[in-house]
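J.: Let me begin by handing over the structure; questions about it come next.
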Amino acid sequence: MKKTIQGFGLIILTAVFIMPFQGCGKYEEGPSFSLKTKKGRLCQSWTVDKYVDPNGNETAGTVDDGIYTYEKDGTYSWSDGSVSISGTWEFDDSKESIETTITVITAVTASAKIIKLTSSELWGEDSDGWQVHFKAE
């Protein structure tokens, strides 16, 4: 009987510890839990792995797609080796989208919903349903 009560207590203790982490995943494709902050996972260099159209058709990324870099200070850059563009980035209030602003002649802001954000993968989706899947550089 004593072992049953101790076992039950261990189950309750485990459930109390784990329950606050259930549903922590903000993004559709995960992760459901991470020790790194969203900013910590995002801030690095990324290359395009593939594009996915709204019908699910995939097209592989190429070297010509360039390198996208997000810095912790809120700066952003893109380069394909011969052309470079820089600007700023920030999460929206809910941290479910990334807003990127570049200024060429006038400021242009683009927003992408985050579908997946891990240390090695970033998936974004625009308002028309097109996805870009990035992999860490």
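Note on naming: chains are A, B, ... as they come in the structure tokens, residues start from 1 per chain, ligands start from 1 in the order shown.
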If we count only C-alpha atoms, what is near Pro54 (chain A) at a cut-off of 12 Å, once residues fewer than 6 positions away on the same chain are taken out, given as a list in words?

T.: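 Listing them by chain and then by number gives Glu125, Asp126, Ser127, Asp128, Gly129, Trp130, Gln131 and Val132 of chain A.
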
J.: Next, dump the selected residues to file, keeping only C-alpha atoms, as a tab-separated table (two decimals), in the first residue's frame.

T.:
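Output file result_39.tsv follows:
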chain	number	residue	atom	x	y	z
A	125	GLU	CA	4.03	32.17	-44.56
A	126	ASP	CA	2.79	35.31	-46.30
A	127	SER	CA	-0.81	36.52	-46.41
A	128	ASP	CA	-1.39	34.69	-49.73
A	129	GLY	CA	-0.44	31.31	-48.24
A	130	TRP	CA	3.02	31.00	-49.82
A	131	GLN	CA	5.60	29.48	-47.48
A	132	VAL	CA	9.36	29.78	-47.42

J.: Tell me, as an NGL selection string, which residues lie within 12 Å of region 116-124 of chain A, counting only C-alpha atoms; anything in the same chain fewer than 2 positions away does not count.

T.: :A and (25-53 or 68-70 or 95-99 or 110-114 or 126-137)

J.: Selected residues, N, CA and C atoms, written as a compact mmCIF listing (two decimals), in the first residue's frame, please.

T.:
# COMPACT_ATOMS: atom_id res chain seq x y z
N GLY A 25 3.78 25.58 -27.26
CA GLY A 25 4.15 25.80 -28.64
C GLY A 25 3.32 26.89 -29.28
N LYS A 26 3.94 27.95 -29.70
CA LYS A 26 3.24 29.06 -30.31
C LYS A 26 3.04 28.83 -31.81
N TYR A 27 3.90 28.03 -32.42
CA TYR A 27 3.88 27.87 -33.86
C TYR A 27 3.29 26.53 -34.27
N GLU A 28 2.57 26.53 -35.39
CA GLU A 28 1.86 25.33 -35.86
C GLU A 28 2.74 24.10 -35.93
N GLU A 29 3.94 24.25 -36.44
CA GLU A 29 4.84 23.12 -36.65
C GLU A 29 5.91 23.00 -35.57
N GLY A 30 5.79 23.78 -34.52
CA GLY A 30 6.67 23.62 -33.38
C GLY A 30 7.83 24.58 -33.33
N PRO A 31 8.65 24.35 -32.33
CA PRO A 31 8.62 23.25 -31.39
C PRO A 31 7.59 23.51 -30.30
N SER A 32 7.20 22.45 -29.59
CA SER A 32 6.24 22.62 -28.51
C SER A 32 6.92 23.14 -27.26
N PHE A 33 8.25 22.97 -27.18
CA PHE A 33 8.99 23.47 -26.03
C PHE A 33 10.44 23.67 -26.44
N SER A 34 11.05 24.76 -25.98
CA SER A 34 12.45 25.02 -26.29
C SER A 34 13.08 25.77 -25.14
N LEU A 35 14.33 25.47 -24.84
CA LEU A 35 15.06 26.19 -23.81
C LEU A 35 15.61 27.52 -24.35
N LYS A 36 15.71 27.64 -25.68
CA LYS A 36 16.18 28.89 -26.28
C LYS A 36 14.99 29.82 -26.52
N THR A 37 15.21 31.10 -26.35
CA THR A 37 14.15 32.06 -26.61
C THR A 37 13.86 32.13 -28.11
N LYS A 38 12.73 32.70 -28.46
CA LYS A 38 12.38 32.88 -29.87
C LYS A 38 13.43 33.74 -30.56
N LYS A 39 13.85 34.80 -29.91
CA LYS A 39 14.88 35.67 -30.46
C LYS A 39 16.19 34.92 -30.62
N GLY A 40 16.54 34.09 -29.64
CA GLY A 40 17.76 33.30 -29.69
C GLY A 40 17.77 32.31 -30.84
N ARG A 41 16.59 31.75 -31.16
CA ARG A 41 16.49 30.81 -32.27
C ARG A 41 16.52 31.53 -33.61
N LEU A 42 15.90 32.71 -33.69
CA LEU A 42 15.81 33.45 -34.95
C LEU A 42 17.13 34.11 -35.35
N CYS A 43 17.85 34.64 -34.39
CA CYS A 43 19.02 35.48 -34.69
C CYS A 43 20.23 34.66 -35.11
N GLN A 44 20.33 34.49 -36.41
CA GLN A 44 21.42 33.78 -37.07
C GLN A 44 21.23 33.96 -38.58
N SER A 45 22.03 33.31 -39.37
CA SER A 45 21.91 33.39 -40.83
C SER A 45 21.14 32.20 -41.35
N TRP A 46 20.30 32.46 -42.39
CA TRP A 46 19.41 31.45 -42.95
C TRP A 46 19.53 31.43 -44.47
N THR A 47 19.39 30.24 -45.06
CA THR A 47 19.29 30.09 -46.51
C THR A 47 17.96 29.42 -46.83
N VAL A 48 17.46 29.65 -48.03
CA VAL A 48 16.18 29.07 -48.43
C VAL A 48 16.38 27.58 -48.74
N ASP A 49 15.59 26.76 -48.07
CA ASP A 49 15.58 25.32 -48.35
C ASP A 49 14.58 25.03 -49.46
N LYS A 50 13.37 25.59 -49.32
CA LYS A 50 12.35 25.38 -50.35
C LYS A 50 11.22 26.40 -50.21
N TYR A 51 10.47 26.52 -51.30
CA TYR A 51 9.26 27.33 -51.34
C TYR A 51 8.08 26.37 -51.47
N VAL A 52 6.98 26.70 -50.81
CA VAL A 52 5.78 25.87 -50.89
C VAL A 52 4.61 26.78 -51.26
N ASP A 53 3.96 26.48 -52.40
CA ASP A 53 2.83 27.32 -52.82
C ASP A 53 1.58 26.94 -52.02
N TYR A 68 19.90 35.31 -45.53
CA TYR A 68 19.12 36.22 -44.69
C TYR A 68 19.69 36.16 -43.28
N THR A 69 20.00 37.32 -42.70
CA THR A 69 20.60 37.35 -41.37
C THR A 69 19.79 38.25 -40.45
N TYR A 70 19.41 37.71 -39.31
CA TYR A 70 18.70 38.46 -38.26
C TYR A 70 19.65 38.60 -37.08
N LYS A 95 4.45 37.70 -31.01
CA LYS A 95 5.61 36.93 -31.46
C LYS A 95 5.22 35.80 -32.39
N GLU A 96 4.12 35.98 -33.13
CA GLU A 96 3.68 34.98 -34.10
C GLU A 96 4.07 35.36 -35.52
N SER A 97 4.56 36.58 -35.71
CA SER A 97 4.98 37.04 -37.03
C SER A 97 6.26 37.85 -36.90
N ILE A 98 7.00 37.91 -38.00
CA ILE A 98 8.19 38.75 -38.09
C ILE A 98 7.87 39.88 -39.05
N GLU A 99 8.15 41.09 -38.63
CA GLU A 99 7.97 42.26 -39.50
C GLU A 99 9.35 42.78 -39.86
N ALA A 110 7.42 44.23 -44.66
CA ALA A 110 6.79 42.96 -45.00
C ALA A 110 6.59 42.17 -43.72
N SER A 111 5.51 41.41 -43.68
CA SER A 111 5.21 40.60 -42.50
C SER A 111 5.03 39.16 -42.93
N ALA A 112 5.55 38.24 -42.13
CA ALA A 112 5.40 36.80 -42.40
C ALA A 112 5.01 36.11 -41.11
N LYS A 113 3.99 35.29 -41.19
CA LYS A 113 3.57 34.48 -40.05
C LYS A 113 4.59 33.36 -39.86
N ILE A 114 5.02 33.14 -38.63
CA ILE A 114 5.97 32.07 -38.34
C ILE A 114 5.19 30.77 -38.18
N ASP A 126 3.33 33.98 -46.02
CA ASP A 126 2.79 35.31 -46.30
C ASP A 126 1.26 35.28 -46.30
N SER A 127 0.65 36.42 -46.49
CA SER A 127 -0.81 36.52 -46.41
C SER A 127 -1.52 35.79 -47.55
N ASP A 128 -0.80 35.44 -48.62
CA ASP A 128 -1.39 34.69 -49.73
C ASP A 128 -1.23 33.18 -49.58
N GLY A 129 -0.60 32.74 -48.49
CA GLY A 129 -0.44 31.31 -48.24
C GLY A 129 0.84 30.70 -48.78
N TRP A 130 1.73 31.50 -49.36
CA TRP A 130 3.02 31.00 -49.82
C TRP A 130 3.95 30.85 -48.62
N GLN A 131 4.64 29.73 -48.56
CA GLN A 131 5.60 29.48 -47.48
C GLN A 131 7.02 29.48 -48.01
N VAL A 132 7.93 29.91 -47.15
CA VAL A 132 9.36 29.78 -47.42
C VAL A 132 9.93 29.02 -46.23
N HIS A 133 10.63 27.92 -46.51
CA HIS A 133 11.27 27.12 -45.48
C HIS A 133 12.76 27.41 -45.54
N PHE A 134 13.30 27.94 -44.44
CA PHE A 134 14.72 28.26 -44.35
C PHE A 134 15.43 27.20 -43.51
N LYS A 135 16.72 27.06 -43.76
CA LYS A 135 17.55 26.24 -42.90
C LYS A 135 18.70 27.10 -42.40
N ALA A 136 19.18 26.79 -41.21
CA ALA A 136 20.26 27.57 -40.63
C ALA A 136 21.52 27.41 -41.47
N GLU A 137 22.21 28.51 -41.63
CA GLU A 137 23.45 28.57 -42.43
C GLU A 137 24.55 27.82 -41.73

J.: What is the distance between CA of Glu71 (chain A) and CA of Thr59 (chain A), in Å to one decimal?

T.: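 A separation of 27.4 Å between them.
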